[in-house]
Amino acid sequence: MKALNRLFTRLGRGSIFLTKILSGIPQLFLRFGLVVQQLYSVGVKTLFITLVAGLFVGMVLALQLYYTLSTFGATDTLGMLVDLSLVRELGPVVAALLFAGRAGSALTAEIGLMKATEQLSGLEMMAVDPVDRIIAPRFLAGVISMPLLAGIFSAVGILGAYSVGVDLLGVDSGAFWSQIQAKVDFYDDVLNGIIKSFVFGFIVSWIAVFEGYDCVPTSEGVSSATTRTVVNSSLAVLAMDFVLTAIMYQ
Amino acid sequence: MFRSVEISVGIFVGIGLAALFMLAMQASNLGSFTSEGAYQVRARFDNIGGLKVKSAVKAGGVKVGQVSNIDYDSETFEAVVVMNIEDKFSQFPRDTIASIFTSGLLGEQYVGLEPGGDEKFLGNESEIRLTQSAMVLEQLIGQFLFSKSEDKGNE
């Protein structure tokens with residue numbers, strides 16, 4: 001009962017906090033430099049891990065699927081299978097999990113430490129709203145970065161699958177691309193994947209900034225808030241993925 | 001310092017947009033077929049089997065269009081299939097035969113067009129009169145067994 005009470009209290013606080021962030025976003029377009037700076041620390045710094053992970057996920061997918069498909073003599077469909085699994089599922093989800101681990105944890109730790117060292121209350125003393133100045137740019141940068149990162153993940157994954165499938169295993173290059181272009185639909189598959197990654201970016205950024213802003217302002221509180229960010233946003237991404245998939249691909 | 005941040009963010013956004021562009025043009029069907037510059041032809045079938053919207057329309061094995069709509073006419077009890085055929089393939093004779101074929105043994109179904117000899121061509125919103133329904137495997141097997149037992153009875 002107590003745990004349930006605490007859960008709903010936090011959910012309520014998180015929702016009120018979200019409306020505050022959202023109302024702070026329109027004025028950010030006047031000071032877009034703040035968002036650009038956060039795009040650097042949220043997006044650019046996550047780029048490398050996304051590139052490497054995407055490449056290897058694509059290569060492994062190609063290897064695994066090739067051995068299964070070759071028992072049916074259907075290796076020509078390799079590209080299509082890799083593309084569909086990346087664009088629909090793995091791209092958005094794995095990129096979001098990496099994003100939660102790399103950028104979400106950093107966001108929470110940064111904001112939590114600002115709170116612990118009383119920088120946030122310092123801003124309030126100077127009549128600057130910390131939500132508008134600190135939280136909203138980070139949130140918006142996360143929401144912008146996530147679809148781009150998921151797109152990069154999928155694209156690099158397809159290139160990795162191409163290098164393994166065509167160059168290493170001998171799938172025909174023309175069949176690889178023509179199967180993809182025949183079977184992968186832009187609106188049903190690619191666009192739905194982008195919508196998914198947008199939703200994941202929203203969720204992960206929201207959880208990350210909320211945990212940081214709401215943490216107990218001690219070193220222990222910051223560390224447990226960082227852990228909670230990674231755990232909660234990973235679980236939220238996976239649960240939300242199920243819901244979105246059920247809605248999108250009936 | 002600030003300049004280099006801006007440059008790297010620019011590169012990041014550029015790569016991201018390039019990746020999305022590649023997914024759209026190279027890794028999906030967006031670059032291969034446009035529905036502009038197409039004319040509509042309808043055909044009635046007794047049975048369309050597993051034909052779906054966006055199934056291919058082929059002539060001589062070449063994709064010339066795709067199925068844009070499937071409906072059921074409850075007065076004639078027939079399936080009505082509307083096809084978008086690209087404008088550059090505008091010269092199908094009026095007595096073209098539309099049949100539903102399966103690519104490979106277990107592949108997906110498509111509409112095959114076999115041109116006839118009429119000198120007038122199919123236009124927009126015209127209808128193909130000669131159609132052949134999809135082969136339904138259960139019906140084929142049923143007919144086969146039926147004719148087999150009939151053979152036995154004659155002996």
# chains A, B, ... in the order shown; residues from 1 in each chain; ligands from 1

$ interface_residues --of "chain B" --to "chain A" --cutoff "8 Å" --atoms "only C-alpha atoms" --output "ChimeraX atom specification"
/B:5-6,8-9,12-13,15-17,19-20,22-24,26-32

$ write_last_selection --atoms "C-alpha atoms" --output "short mmCIF file (atom, residue, chain, number, x, y, z; two decimals), in the first residue's frame"
data_model
loop_
_atom_site.label_atom_id
_atom_site.label_comp_id
_atom_site.auth_asym_id
_atom_site.auth_seq_id
_atom_site.Cartn_x
_atom_site.Cartn_y
_atom_site.Cartn_z
CA VAL B 5 30.23 22.36 -30.67
CA GLU B 6 28.11 23.89 -33.40
CA SER B 8 29.78 18.71 -34.49
CA VAL B 9 26.06 19.16 -33.84
CA PHE B 12 25.38 14.88 -36.21
CA VAL B 13 22.10 16.27 -37.54
CA ILE B 15 24.33 12.27 -40.64
CA GLY B 16 20.98 11.63 -38.97
CA LEU B 17 19.00 13.21 -41.80
CA ALA B 19 20.39 8.10 -42.61
CA LEU B 20 16.66 8.80 -42.61
CA MET B 22 18.69 6.56 -47.07
CA LEU B 23 16.05 4.54 -45.21
CA ALA B 24 13.36 6.32 -47.22
CA GLN B 26 17.15 3.10 -50.68
CA ALA B 27 15.75 0.84 -47.99
CA SER B 28 12.03 1.09 -48.68
CA ASN B 29 9.61 1.24 -51.57
CA LEU B 30 9.30 5.01 -51.61
CA GLY B 31 11.90 5.50 -54.33
CA SER B 32 10.66 2.74 -56.60
#

$ closest_residue --among "B:Tyr110, B:Phe101, B:Phe121, B:Phe146" --to "B:Val41" --atoms "only C-alpha atoms"
B:Phe121

$ closest_residue --among "A:Val237, A:Val230, A:Ile21, A:Asn5" --to "A:Asp129" --atoms "only C-alpha atoms"
A:Ile21

$ closest_residue --among "A:Ile203, A:Leu238, A:Leu18, A:Ile111" --to "A:Gly221" --atoms "only C-alpha atoms"
A:Ile111

$ residues_around --residues "stretch 159-162 of chain A" --least-positions-apart "5" --cutoff "12 Å" --atoms "only C-alpha atoms" --output "JSON, numbers by chain"
{"A": [51, 52, 53, 54, 55, 56, 57, 58, 59, 60, 61, 62, 63, 64, 65, 66, 76, 78, 79, 80, 81, 82, 83, 85, 86, 152, 153, 154, 167, 168, 169, 170, 171, 172, 173, 174, 175, 176, 177, 180], "B": [19, 22, 23, 26, 27]}

$ write_last_selection --atoms "N, CA and C atoms" --output "compact mmCIF listing (two decimals), in the first residue's frame"
# COMPACT_ATOMS: atom_id res chain seq x y z
N LEU A 51 26.77 4.19 -33.67
CA LEU A 51 27.35 3.72 -34.93
C LEU A 51 27.93 2.32 -34.77
N VAL A 52 28.74 2.13 -33.73
CA VAL A 52 29.41 0.84 -33.55
C VAL A 52 28.38 -0.26 -33.27
N ALA A 53 27.43 0.04 -32.36
CA ALA A 53 26.42 -0.97 -32.02
C ALA A 53 25.58 -1.33 -33.24
N GLY A 54 25.17 -0.31 -34.02
CA GLY A 54 24.35 -0.57 -35.19
C GLY A 54 25.07 -1.44 -36.20
N LEU A 55 26.36 -1.13 -36.40
CA LEU A 55 27.14 -1.92 -37.36
C LEU A 55 27.18 -3.39 -36.95
N PHE A 56 27.47 -3.62 -35.66
CA PHE A 56 27.59 -5.01 -35.23
C PHE A 56 26.26 -5.73 -35.18
N VAL A 57 25.20 -5.03 -34.77
CA VAL A 57 23.88 -5.66 -34.76
C VAL A 57 23.49 -6.08 -36.18
N GLY A 58 23.73 -5.19 -37.15
CA GLY A 58 23.42 -5.53 -38.54
C GLY A 58 24.22 -6.72 -39.02
N MET A 59 25.53 -6.74 -38.67
CA MET A 59 26.38 -7.83 -39.13
C MET A 59 25.96 -9.16 -38.51
N VAL A 60 25.65 -9.14 -37.21
CA VAL A 60 25.23 -10.38 -36.54
C VAL A 60 23.90 -10.88 -37.10
N LEU A 61 22.97 -9.94 -37.30
CA LEU A 61 21.68 -10.33 -37.89
C LEU A 61 21.89 -11.03 -39.22
N ALA A 62 22.76 -10.44 -40.06
CA ALA A 62 22.99 -11.02 -41.38
C ALA A 62 23.55 -12.43 -41.25
N LEU A 63 24.52 -12.61 -40.35
CA LEU A 63 25.11 -13.94 -40.16
C LEU A 63 24.07 -14.95 -39.70
N GLN A 64 23.32 -14.57 -38.64
CA GLN A 64 22.34 -15.49 -38.08
C GLN A 64 21.26 -15.86 -39.09
N LEU A 65 20.72 -14.83 -39.74
CA LEU A 65 19.62 -15.10 -40.67
C LEU A 65 20.11 -15.89 -41.87
N TYR A 66 21.36 -15.63 -42.28
CA TYR A 66 21.86 -16.33 -43.46
C TYR A 66 21.85 -17.84 -43.24
N ASP A 76 18.18 -14.89 -50.69
CA ASP A 76 17.95 -13.62 -51.38
C ASP A 76 17.13 -12.66 -50.53
N LEU A 78 17.53 -12.05 -47.49
CA LEU A 78 18.30 -11.62 -46.32
C LEU A 78 18.17 -10.13 -46.07
N GLY A 79 18.38 -9.32 -47.13
CA GLY A 79 18.34 -7.87 -46.96
C GLY A 79 17.00 -7.41 -46.43
N MET A 80 15.92 -8.00 -46.98
CA MET A 80 14.59 -7.59 -46.57
C MET A 80 14.35 -7.91 -45.11
N LEU A 81 14.77 -9.10 -44.69
CA LEU A 81 14.56 -9.49 -43.28
C LEU A 81 15.34 -8.59 -42.34
N VAL A 82 16.62 -8.33 -42.69
CA VAL A 82 17.44 -7.47 -41.83
C VAL A 82 16.83 -6.08 -41.76
N ASP A 83 16.44 -5.56 -42.92
CA ASP A 83 15.88 -4.21 -42.98
C ASP A 83 14.62 -4.11 -42.13
N SER A 85 13.60 -6.05 -39.64
CA SER A 85 13.80 -6.18 -38.19
C SER A 85 14.49 -4.94 -37.62
N LEU A 86 15.39 -4.33 -38.40
CA LEU A 86 16.06 -3.12 -37.89
C LEU A 86 15.11 -1.94 -37.84
N ILE A 152 20.14 6.49 -37.77
CA ILE A 152 21.55 6.16 -38.01
C ILE A 152 21.81 4.70 -37.69
N PHE A 153 21.25 4.24 -36.56
CA PHE A 153 21.43 2.84 -36.14
C PHE A 153 20.94 1.90 -37.24
N SER A 154 19.72 2.15 -37.74
CA SER A 154 19.16 1.25 -38.76
C SER A 154 19.98 1.31 -40.05
N ASP A 167 29.34 -9.20 -49.37
CA ASP A 167 30.78 -9.33 -49.59
C ASP A 167 31.34 -10.63 -49.01
N LEU A 168 30.77 -11.05 -47.88
CA LEU A 168 31.37 -12.20 -47.18
C LEU A 168 30.67 -13.50 -47.54
N LEU A 169 29.32 -13.49 -47.54
CA LEU A 169 28.58 -14.73 -47.69
C LEU A 169 28.09 -14.96 -49.11
N GLY A 170 28.21 -13.95 -49.97
CA GLY A 170 27.91 -14.17 -51.38
C GLY A 170 26.46 -14.06 -51.78
N VAL A 171 25.65 -13.29 -51.02
CA VAL A 171 24.29 -13.00 -51.48
C VAL A 171 24.39 -12.02 -52.64
N ASP A 172 23.49 -12.15 -53.61
CA ASP A 172 23.56 -11.27 -54.77
C ASP A 172 23.19 -9.84 -54.37
N SER A 173 24.02 -8.89 -54.81
CA SER A 173 23.82 -7.49 -54.40
C SER A 173 22.51 -6.94 -54.93
N GLY A 174 22.17 -7.27 -56.18
CA GLY A 174 20.92 -6.77 -56.75
C GLY A 174 19.72 -7.33 -56.01
N ALA A 175 19.76 -8.64 -55.68
CA ALA A 175 18.64 -9.25 -54.96
C ALA A 175 18.50 -8.63 -53.58
N PHE A 176 19.62 -8.33 -52.95
CA PHE A 176 19.61 -7.71 -51.61
C PHE A 176 18.77 -6.44 -51.62
N TRP A 177 19.10 -5.52 -52.56
CA TRP A 177 18.39 -4.24 -52.56
C TRP A 177 16.99 -4.36 -53.15
N ILE A 180 14.57 -5.61 -50.67
CA ILE A 180 14.26 -4.56 -49.69
C ILE A 180 13.25 -3.59 -50.26
N ALA B 19 20.80 9.47 -42.90
CA ALA B 19 20.39 8.10 -42.61
C ALA B 19 18.90 7.92 -42.85
N MET B 22 18.31 7.85 -46.48
CA MET B 22 18.69 6.56 -47.07
C MET B 22 17.62 5.50 -46.78
N LEU B 23 17.10 5.50 -45.54
CA LEU B 23 16.05 4.54 -45.21
C LEU B 23 14.83 4.76 -46.10
N GLN B 26 16.45 4.32 -50.28
CA GLN B 26 17.15 3.10 -50.68
C GLN B 26 16.56 1.87 -50.01
N ALA B 27 16.14 2.02 -48.76
CA ALA B 27 15.75 0.84 -47.99
C ALA B 27 14.25 0.72 -47.82

$ select_by_dssp --residues "stretch 4-76 of chain B" --states "strand (DSSP E)" --output "PyMOL selection string"
chain B and resi 38-45+56-59+62-73

$ residues_around --residues "B:Phe89" --least-positions-apart "2" --cutoff "9 Å" --atoms "only C-alpha atoms" --output "list of chain:residue names"
B:Ala38, B:Val64, B:Gly65, B:Ile85, B:Glu86, B:Asp87, B:Gln91, B:Phe92

$ decode --residues "stretch 18-119 of chain B" --atoms "C-alpha atoms" --output "PDB file, in the first residue's frame"
ATOM      1  CA  ALA B  18      21.149  11.388 -44.372  1.00  0.00           C
ATOM      2  CA  ALA B  19      20.387   8.096 -42.615  1.00  0.00           C
ATOM      3  CA  LEU B  20      16.659   8.804 -42.613  1.00  0.00           C
ATOM      4  CA  PHE B  21      16.878   9.793 -46.267  1.00  0.00           C
ATOM      5  CA  MET B  22      18.694   6.558 -47.071  1.00  0.00           C
ATOM      6  CA  LEU B  23      16.046   4.539 -45.209  1.00  0.00           C
ATOM      7  CA  ALA B  24      13.360   6.322 -47.218  1.00  0.00           C
ATOM      8  CA  MET B  25      14.871   6.133 -50.677  1.00  0.00           C
ATOM      9  CA  GLN B  26      17.147   3.103 -50.684  1.00  0.00           C
ATOM     10  CA  ALA B  27      15.752   0.841 -47.989  1.00  0.00           C
ATOM     11  CA  SER B  28      12.026   1.086 -48.679  1.00  0.00           C
ATOM     12  CA  ASN B  29       9.614   1.238 -51.575  1.00  0.00           C
ATOM     13  CA  LEU B  30       9.304   5.015 -51.607  1.00  0.00           C
ATOM     14  CA  GLY B  31      11.903   5.503 -54.330  1.00  0.00           C
ATOM     15  CA  SER B  32      10.657   2.735 -56.604  1.00  0.00           C
ATOM     16  CA  PHE B  33       7.000   3.501 -57.239  1.00  0.00           C
ATOM     17  CA  THR B  34       5.033   6.710 -57.375  1.00  0.00           C
ATOM     18  CA  SER B  35       1.276   6.721 -57.644  1.00  0.00           C
ATOM     19  CA  GLU B  36       1.274   9.977 -59.619  1.00  0.00           C
ATOM     20  CA  GLY B  37       1.187   9.478 -63.328  1.00  0.00           C
ATOM     21  CA  ALA B  38      -1.001   6.383 -63.059  1.00  0.00           C
ATOM     22  CA  TYR B  39      -4.419   5.509 -64.424  1.00  0.00           C
ATOM     23  CA  GLN B  40      -7.037   3.330 -62.802  1.00  0.00           C
ATOM     24  CA  VAL B  41      -8.420   0.127 -64.250  1.00  0.00           C
ATOM     25  CA  ARG B  42     -10.908  -2.112 -62.519  1.00  0.00           C
ATOM     26  CA  ALA B  43     -11.515  -5.827 -62.923  1.00  0.00           C
ATOM     27  CA  ARG B  44     -14.042  -8.247 -61.428  1.00  0.00           C
ATOM     28  CA  PHE B  45     -12.996 -11.666 -60.175  1.00  0.00           C
ATOM     29  CA  ASP B  46     -14.983 -14.572 -58.768  1.00  0.00           C
ATOM     30  CA  ASN B  47     -12.217 -15.250 -56.291  1.00  0.00           C
ATOM     31  CA  ILE B  48      -9.106 -13.192 -55.616  1.00  0.00           C
ATOM     32  CA  GLY B  49      -7.381 -15.727 -53.363  1.00  0.00           C
ATOM     33  CA  GLY B  50      -4.723 -13.975 -51.291  1.00  0.00           C
ATOM     34  CA  LEU B  51      -4.469 -10.777 -53.333  1.00  0.00           C
ATOM     35  CA  LYS B  52      -3.936  -7.682 -51.199  1.00  0.00           C
ATOM     36  CA  VAL B  53      -3.849  -3.925 -51.631  1.00  0.00           C
ATOM     37  CA  LYS B  54      -0.364  -2.986 -52.930  1.00  0.00           C
ATOM     38  CA  SER B  55       0.075  -6.365 -54.611  1.00  0.00           C
ATOM     39  CA  ALA B  56       1.931  -6.040 -57.901  1.00  0.00           C
ATOM     40  CA  VAL B  57       0.323  -5.794 -61.331  1.00  0.00           C
ATOM     41  CA  LYS B  58       2.589  -7.394 -63.917  1.00  0.00           C
ATOM     42  CA  ALA B  59       2.610  -7.735 -67.675  1.00  0.00           C
ATOM     43  CA  GLY B  60       5.067 -10.181 -69.134  1.00  0.00           C
ATOM     44  CA  GLY B  61       6.637 -10.455 -65.682  1.00  0.00           C
ATOM     45  CA  VAL B  62       7.399  -6.733 -65.512  1.00  0.00           C
ATOM     46  CA  LYS B  63       5.780  -4.701 -62.775  1.00  0.00           C
ATOM     47  CA  VAL B  64       3.552  -2.081 -64.403  1.00  0.00           C
ATOM     48  CA  GLY B  65       1.457  -1.011 -61.418  1.00  0.00           C
ATOM     49  CA  GLN B  66      -0.125  -2.061 -58.168  1.00  0.00           C
ATOM     50  CA  VAL B  67      -3.500  -2.916 -56.686  1.00  0.00           C
ATOM     51  CA  SER B  68      -4.956   0.179 -55.045  1.00  0.00           C
ATOM     52  CA  ASN B  69      -8.287  -1.064 -53.735  1.00  0.00           C
ATOM     53  CA  ILE B  70     -10.234  -4.299 -53.255  1.00  0.00           C
ATOM     54  CA  ASP B  71     -13.971  -4.354 -52.653  1.00  0.00           C
ATOM     55  CA  TYR B  72     -16.817  -6.855 -52.715  1.00  0.00           C
ATOM     56  CA  ASP B  73     -19.842  -6.192 -54.922  1.00  0.00           C
ATOM     57  CA  SER B  74     -22.770  -7.673 -53.014  1.00  0.00           C
ATOM     58  CA  GLU B  75     -25.099  -7.458 -56.032  1.00  0.00           C
ATOM     59  CA  THR B  76     -23.043  -9.526 -58.437  1.00  0.00           C
ATOM     60  CA  PHE B  77     -21.213 -11.456 -55.689  1.00  0.00           C
ATOM     61  CA  GLU B  78     -17.845 -10.644 -57.221  1.00  0.00           C
ATOM     62  CA  ALA B  79     -14.629  -9.111 -55.949  1.00  0.00           C
ATOM     63  CA  VAL B  80     -13.815  -5.750 -57.533  1.00  0.00           C
ATOM     64  CA  VAL B  81     -10.086  -5.034 -57.825  1.00  0.00           C
ATOM     65  CA  VAL B  82      -8.922  -1.514 -58.691  1.00  0.00           C
ATOM     66  CA  MET B  83      -5.422  -1.277 -60.123  1.00  0.00           C
ATOM     67  CA  ASN B  84      -3.155   1.742 -60.625  1.00  0.00           C
ATOM     68  CA  ILE B  85      -1.155   1.267 -63.808  1.00  0.00           C
ATOM     69  CA  GLU B  86       1.686   3.634 -64.607  1.00  0.00           C
ATOM     70  CA  ASP B  87       1.041   6.109 -67.398  1.00  0.00           C
ATOM     71  CA  LYS B  88       3.999   5.012 -69.467  1.00  0.00           C
ATOM     72  CA  PHE B  89       2.295   1.619 -69.882  1.00  0.00           C
ATOM     73  CA  SER B  90      -0.899   3.132 -71.276  1.00  0.00           C
ATOM     74  CA  GLN B  91      -1.306   0.910 -74.326  1.00  0.00           C
ATOM     75  CA  PHE B  92      -3.077  -2.196 -73.088  1.00  0.00           C
ATOM     76  CA  PRO B  93      -5.725  -3.375 -75.579  1.00  0.00           C
ATOM     77  CA  ARG B  94      -9.327  -3.404 -74.361  1.00  0.00           C
ATOM     78  CA  ASP B  95      -9.517  -7.202 -74.478  1.00  0.00           C
ATOM     79  CA  THR B  96      -6.569  -7.673 -72.132  1.00  0.00           C
ATOM     80  CA  ILE B  97      -6.999 -10.672 -69.837  1.00  0.00           C
ATOM     81  CA  ALA B  98      -6.379 -10.143 -66.111  1.00  0.00           C
ATOM     82  CA  SER B  99      -5.513 -13.281 -64.136  1.00  0.00           C
ATOM     83  CA  ILE B 100      -4.368 -13.802 -60.593  1.00  0.00           C
ATOM     84  CA  PHE B 101      -1.127 -15.741 -60.392  1.00  0.00           C
ATOM     85  CA  THR B 102       1.171 -16.845 -57.613  1.00  0.00           C
ATOM     86  CA  SER B 103       4.884 -16.114 -57.888  1.00  0.00           C
ATOM     87  CA  GLY B 104       6.626 -19.370 -57.121  1.00  0.00           C
ATOM     88  CA  LEU B 105       4.987 -22.203 -55.251  1.00  0.00           C
ATOM     89  CA  LEU B 106       4.404 -20.359 -52.005  1.00  0.00           C
ATOM     90  CA  GLY B 107       5.064 -16.776 -53.088  1.00  0.00           C
ATOM     91  CA  GLU B 108       2.640 -13.910 -52.955  1.00  0.00           C
ATOM     92  CA  GLN B 109      -0.115 -13.353 -55.456  1.00  0.00           C
ATOM     93  CA  TYR B 110      -0.179 -10.744 -58.188  1.00  0.00           C
ATOM     94  CA  VAL B 111      -2.362  -9.675 -61.091  1.00  0.00           C
ATOM     95  CA  GLY B 112      -0.974 -10.738 -64.456  1.00  0.00           C
ATOM     96  CA  LEU B 113      -2.084  -8.856 -67.572  1.00  0.00           C
ATOM     97  CA  GLU B 114      -2.042 -10.612 -70.952  1.00  0.00           C
ATOM     98  CA  PRO B 115      -2.637  -8.176 -73.822  1.00  0.00           C
ATOM     99  CA  GLY B 116      -5.216  -9.140 -76.455  1.00  0.00           C
ATOM    100  CA  GLY B 117      -5.596  -7.874 -80.016  1.00  0.00           C
ATOM    101  CA  ASP B 118      -8.080  -5.016 -79.768  1.00  0.00           C
ATOM    102  CA  GLU B 119      -7.042  -1.761 -81.400  1.00  0.00           C
TER     103      GLU B 119
END
